[in-house]
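This is model_7.cif (mmCIF, C-alpha atoms).
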```cif
data_protein
#
loop_
_atom_site.group_PDB
_atom_site.id
_atom_site.type_symbol
_atom_site.label_atom_id
_atom_site.label_comp_id
_atom_site.auth_asym_id
_atom_site.auth_seq_id
_atom_site.Cartn_x
_atom_site.Cartn_y
_atom_site.Cartn_z
ATOM 1 C CA MET O 494 68.673 183.564 55.956
ATOM 2 C CA SER O 495 67.457 183.218 52.416
ATOM 3 C CA ILE O 496 67.529 179.883 50.660
ATOM 4 C CA LEU O 497 69.919 179.866 47.728
ATOM 5 C CA GLN O 498 68.591 178.793 44.320
ATOM 6 C CA VAL O 499 71.170 176.409 42.861
ATOM 7 C CA LEU O 500 71.538 175.662 39.149
ATOM 8 C CA ASP O 501 73.162 172.821 37.244
ATOM 9 C CA ALA O 502 76.150 175.122 36.746
ATOM 10 C CA THR O 503 76.515 176.061 40.430
ATOM 11 C CA PHE O 504 75.622 172.755 42.143
ATOM 12 C CA ASP O 505 79.222 171.564 42.414
ATOM 13 C CA THR O 506 80.423 174.841 43.948
ATOM 14 C CA GLU O 507 77.478 175.419 46.281
ATOM 15 C CA VAL O 508 76.810 171.841 47.423
ATOM 16 C CA ILE O 509 79.649 169.427 46.696
ATOM 17 C CA LYS O 510 82.456 171.822 47.667
ATOM 18 C CA SER O 511 80.612 173.359 50.637
ATOM 19 C CA ASP O 512 82.335 173.146 54.014
ATOM 20 C CA LYS O 513 78.911 172.975 55.706
ATOM 21 C CA ILE O 514 76.296 170.254 55.734
ATOM 22 C CA VAL O 515 73.914 171.069 52.865
ATOM 23 C CA LEU O 516 70.189 170.347 52.729
ATOM 24 C CA VAL O 517 69.130 170.289 49.075
ATOM 25 C CA ASP O 518 65.435 170.720 48.305
ATOM 26 C CA PHE O 519 64.689 169.299 44.844
ATOM 27 C CA GLY O 520 61.290 170.509 43.658
ATOM 28 C CA ALA O 521 59.332 172.598 41.164
ATOM 29 C CA PRO O 522 57.016 175.633 41.409
ATOM 30 C CA TRP O 523 53.956 173.667 40.195
ATOM 31 C CA CYS O 524 54.393 170.899 42.799
ATOM 32 C CA GLY O 525 51.738 170.969 45.538
ATOM 33 C CA PRO O 526 53.671 168.895 48.103
ATOM 34 C CA CYS O 527 56.742 171.091 47.443
ATOM 35 C CA ARG O 528 54.693 174.162 48.361
ATOM 36 C CA MET O 529 53.362 172.341 51.439
ATOM 37 C CA ILE O 530 56.839 171.613 52.793
ATOM 38 C CA ALA O 531 58.305 175.036 51.864
ATOM 39 C CA PRO O 532 57.456 176.689 55.229
ATOM 40 C CA VAL O 533 59.183 173.826 57.065
ATOM 41 C CA ILE O 534 62.283 174.203 54.886
ATOM 42 C CA ASN O 535 62.278 177.972 55.548
ATOM 43 C CA GLU O 536 62.040 177.407 59.331
ATOM 44 C CA ILE O 537 64.916 174.936 59.254
ATOM 45 C CA ALA O 538 67.007 177.296 57.108
ATOM 46 C CA HIS O 539 66.475 180.041 59.691
ATOM 47 C CA GLU O 540 66.947 177.914 62.822
ATOM 48 C CA TYR O 541 70.049 176.095 61.554
ATOM 49 C CA LYS O 542 71.582 178.989 59.605
ATOM 50 C CA HIS O 543 74.905 178.823 61.481
ATOM 51 C CA ILE O 544 75.175 175.048 61.148
ATOM 52 C CA ILE O 545 73.882 174.047 57.711
ATOM 53 C CA LYS O 546 73.309 175.506 54.273
ATOM 54 C CA VAL O 547 69.896 175.103 52.653
ATOM 55 C CA VAL O 548 69.508 175.280 48.867
ATOM 56 C CA LYS O 549 66.721 174.681 46.354
ATOM 57 C CA VAL O 550 67.025 173.073 42.948
ATOM 58 C CA ASN O 551 64.212 173.515 40.428
ATOM 59 C CA THR O 552 64.187 170.117 38.731
ATOM 60 C CA ASP O 553 62.417 171.474 35.635
ATOM 61 C CA SER O 554 65.096 174.028 34.819
ATOM 62 C CA ASN O 555 68.064 171.973 36.114
ATOM 63 C CA PRO O 556 67.627 168.515 34.588
ATOM 64 C CA THR O 557 71.315 167.559 34.726
ATOM 65 C CA VAL O 558 71.559 167.568 38.519
ATOM 66 C CA ALA O 559 68.083 166.053 38.870
ATOM 67 C CA SER O 560 69.082 163.218 36.542
ATOM 68 C CA GLU O 561 72.472 162.710 38.194
ATOM 69 C CA TYR O 562 70.796 162.160 41.567
ATOM 70 C CA CYS O 563 67.944 160.086 40.079
ATOM 71 C CA ILE O 564 65.171 162.432 41.216
ATOM 72 C CA ARG O 565 61.950 160.575 40.351
ATOM 73 C CA SER O 566 59.599 162.172 42.859
ATOM 74 C CA ILE O 567 59.427 165.682 44.277
ATOM 75 C CA PRO O 568 59.935 167.042 46.795
ATOM 76 C CA THR O 569 63.129 165.106 47.388
ATOM 77 C CA LEU O 570 65.367 166.407 50.149
ATOM 78 C CA MET O 571 68.998 165.306 50.194
ATOM 79 C CA ILE O 572 71.608 165.899 52.850
ATOM 80 C CA PHE O 573 75.223 166.295 51.749
ATOM 81 C CA LYS O 574 78.183 166.200 54.115
ATOM 82 C CA ASN O 575 81.723 166.748 52.844
ATOM 83 C CA GLY O 576 80.402 166.600 49.284
ATOM 84 C CA ILE O 577 78.807 163.180 49.716
ATOM 85 C CA ARG O 578 75.085 162.452 49.801
ATOM 86 C CA VAL O 579 74.476 160.934 53.236
ATOM 87 C CA ASP O 580 70.682 160.773 53.362
ATOM 88 C CA THR O 581 67.501 161.296 51.347
ATOM 89 C CA VAL O 582 63.953 162.120 52.423
ATOM 90 C CA ILE O 583 61.199 161.889 49.809
ATOM 91 C CA GLY O 584 57.851 163.631 50.052
ATOM 92 C CA ALA O 585 56.242 166.330 52.169
ATOM 93 C CA VAL O 586 57.285 164.830 55.494
ATOM 94 C CA PRO O 587 56.517 166.264 58.945
ATOM 95 C CA ARG O 588 59.006 168.761 60.372
ATOM 96 C CA SER O 589 60.034 166.275 63.083
ATOM 97 C CA THR O 590 61.060 163.691 60.478
ATOM 98 C CA LEU O 591 63.271 166.165 58.661
ATOM 99 C CA VAL O 592 64.810 167.574 61.854
ATOM 100 C CA ASN O 593 65.536 164.073 63.203
ATOM 101 C CA THR O 594 67.185 163.111 59.918
ATOM 102 C CA LEU O 595 69.289 166.288 59.884
ATOM 103 C CA ASN O 596 70.351 165.888 63.512
ATOM 104 C CA LYS O 597 72.031 162.569 62.682
ATOM 105 C CA TYR O 598 74.653 164.468 60.699
ATOM 106 C CA ILE O 599 75.154 167.656 62.704
#
```
Structure re-expressed in structure tokens:
Amino acid sequence: MSILQVLDATFDTEVIKSDKIVLVDFGAPWCGPCRMIAPVINEIAHEYKHIIKVVKVNTDSNPTVASEYCIRSIPTLMIFKNGIRVDTVIGAVPRSTLVNTLNKYI
């Protein structure tokens, strides 16, 4: 399953109105820690493809959403359930940390 690139214009449709739990990866192409955690995000997207939706938001080209959710540090991973942000993980965390956080909401 490929990870959907979400824009300011599509965030509401793809994340807020989604009927699945959504993991949003806020980052940027130049960000070293974002690149470090990318393989973990890809694994989770594949393993949980029938349960959750995984999307990426480039904070440089989508400043409205980044500002709305007060993104100050990247990578920032947010979990949305029923259109509401239920959790946030900041930084290139270990896979186990992210999986444990996700499992609280599945």
### Task
Run the PyMOL selection byres ((chain O and resi 541) around 12) mentally over the shown coordinates, then write out the matched residues as a list in words, using the chain letters and numbers from the document.
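So the PyMOL selection byres ((chain O and resi 541) around 12), applied here, picks out Met494, Ser495, Ile496, Lys513, Ile514, Val515, Leu516, Val533, Ile534, Asn535, Glu536, Ile537, Ala538, His539, Glu540, Lys542, His543, Ile544, Ile545, Lys546, Val547, Val592, Leu595, Asn596 and Ile599 of chain O.
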Would you mind exporting C-alpha atoms of the selected residues as a tab-separated table (two decimals), in the coordinates of the input?
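Saved file out.tsv follows:
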```
chain	number	residue	atom	x	y	z
O	494	MET	CA	68.67	183.56	55.96
O	495	SER	CA	67.46	183.22	52.42
O	496	ILE	CA	67.53	179.88	50.66
O	513	LYS	CA	78.91	172.98	55.71
O	514	ILE	CA	76.30	170.25	55.73
O	515	VAL	CA	73.91	171.07	52.86
O	516	LEU	CA	70.19	170.35	52.73
O	533	VAL	CA	59.18	173.83	57.06
O	534	ILE	CA	62.28	174.20	54.89
O	535	ASN	CA	62.28	177.97	55.55
O	536	GLU	CA	62.04	177.41	59.33
O	537	ILE	CA	64.92	174.94	59.25
O	538	ALA	CA	67.01	177.30	57.11
O	539	HIS	CA	66.47	180.04	59.69
O	540	GLU	CA	66.95	177.91	62.82
O	542	LYS	CA	71.58	178.99	59.60
O	543	HIS	CA	74.90	178.82	61.48
O	544	ILE	CA	75.18	175.05	61.15
O	545	ILE	CA	73.88	174.05	57.71
O	546	LYS	CA	73.31	175.51	54.27
O	547	VAL	CA	69.90	175.10	52.65
O	592	VAL	CA	64.81	167.57	61.85
O	595	LEU	CA	69.29	166.29	59.88
O	596	ASN	CA	70.35	165.89	63.51
O	599	ILE	CA	75.15	167.66	62.70
```
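Closest approach to O:Val548 from the set O:Thr594, O:Ser511, O:Gln498, O:Asn575 is made by O:Gln498, with distances taken over all atoms listed in the file.
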### Between atom CA of O:Leu497 and atom CA of O:Lys549 - distance in Å to one decimal
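It comes out at 6.2 Å.
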### Task
Counting only C-alpha atoms, figure out which residue out of O:Ile567, O:Arg588, O:Pro532, O:Val558 gets nearest to O:Asp518.
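Under the stated criterion, the closest residue is O:Ile567.
The residue that comes closest to O:Asp505, out of O:Asp580, O:Thr557, O:Ser589, O:Lys597 and on the basis of only C-alpha atoms, is O:Thr557.
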### Query
Pick the closest to O:Val579 from O:Trp523, O:Tyr562, O:Tyr598, O:Phe504: which is it, counting all atoms listed in the file?
O:Tyr598
### Pick from O:Pro526, O:Phe519, O:Leu591, O:Ala585 nearest to O:Thr569, counting only C-alpha atoms
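Distance minimum relative to O:Thr569 lands on O:Phe519.
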### Task
Grab the atom CA of O:Ser560 to atom CA of O:Val586 distance for me, in Å with one decimal place.
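One can read the atom CA of O:Ser560 to atom CA of O:Val586 distance as 22.4 Å.
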### Query
Which residue, O:Pro522, O:Val517, O:Asp501, O:Ala531, has the smallest gap to O:Glu561 when you use only C-alpha atoms?
O:Asp501
### Gap from atom CA of O:Ile583 to atom CA of O:Cys563 - Å, one decimal
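These atoms are spaced 12.0 Å apart.
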